[in-house]
Structures are given as C-alpha cells and as structure tokens.
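Have a look at the structure below before the remarks.
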Amino acid sequence: MSVHPEAHGRPGEAVAGLLATLSIVASLIAVAYRPGRLIPFAVLLALLAAAIGGRHSRLATYAIGVGAVCFVVGMAVAVITNNPLY
C-alpha cells in the first residue's frame, strides 16, 4: 500500500485566499456604501492576493473581476440615487 504525502501549502497561500475573500466582500459592500472609497482598496487586496498566487489564484482572479464590476455598478447606483461617491 503506497501512501501519498499530503501536499501542505505555504502559509502565504492561506493568506492569499483570505485576502481574495475579503476583497470580494468589501467590493459587494461598497456597491451600496461609498464605492469610490472602498473599491480601490478591495481591488488592491485582490491584486495582492493574485501576486501571492498559490492554490487560490483563481479566487484572486475572480476577486479582481468582482471588484471591477462592483466599481461600475456602485458608481452608477451612487449617481442615480444622488448618494456621495466618496
């Protein structure tokens, strides 16, 4: 019986996944509350998660896309409803 060692990732990979998830949550919150203030930081977190890479690189890519879409939608919602952009 052969035993395959479990592939343990680097601690940075876990941090990348956490940053990407935090970026998605911040982007979704920013659609309703001050998109010009929150989304640039959310996209920065997503880019940092993508730079770290690892097994969560696809999640980081989705986080960048979600940030871009939320920026456009959030700005449109803020302009239509006469809410402050930042």
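Chain lettering (A, B, ...) mirrors the order of the structure tokens, residue numbering begins at 1 for each chain separately, and ligand numbering begins at 1 in order of display.
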Mind checking which residues fall within 9 Å of range 7-24 of chain A, counting only C-alpha atoms, ignoring those fewer than 3 positions away in the same chain, and posting them as a PyMOL selection string? chain A and resi 4+27-29+39+41-57+59-64+66-67
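As for CA of Tyr86 in chain A and CA of Gly65 in chain A, they are spaced 21.2 Å apart.
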Tell me which protein, DNA and RNA residues are within 8 Å of range 71-84 of chain A, counting only C-alpha atoms, leaving out same-chain ones fewer than 3 positions away, and put them as an mmCIF file with C-alpha atoms, in the first residue's frame.
data_model
loop_
_atom_site.group_PDB
_atom_site.id
_atom_site.type_symbol
_atom_site.label_atom_id
_atom_site.label_comp_id
_atom_site.auth_asym_id
_atom_site.auth_seq_id
_atom_site.Cartn_x
_atom_site.Cartn_y
_atom_site.Cartn_z
ATOM 1 C CA SER A 27 -16.489 45.077 -3.142
ATOM 2 C CA ALA A 30 -19.132 49.061 -1.471
ATOM 3 C CA VAL A 31 -21.881 48.830 -4.091
ATOM 4 C CA ALA A 32 -24.300 50.191 -1.504
ATOM 5 C CA ARG A 34 -19.301 54.741 -0.838
ATOM 6 C CA PRO A 35 -17.880 52.852 -3.848
ATOM 7 C CA GLY A 36 -15.177 55.413 -4.554
ATOM 8 C CA ILE A 39 -13.464 49.523 -4.014
ATOM 9 C CA GLY A 67 -14.082 44.475 -7.938
ATOM 10 C CA ALA A 68 -14.208 45.868 -11.467
#
Apply DSSP to the backbone of this structure and, from chain A, keep only the residues in helix (DSSP H, G or I); write these as a ChimeraX atom specification. /A:11-30,35-52,54-80
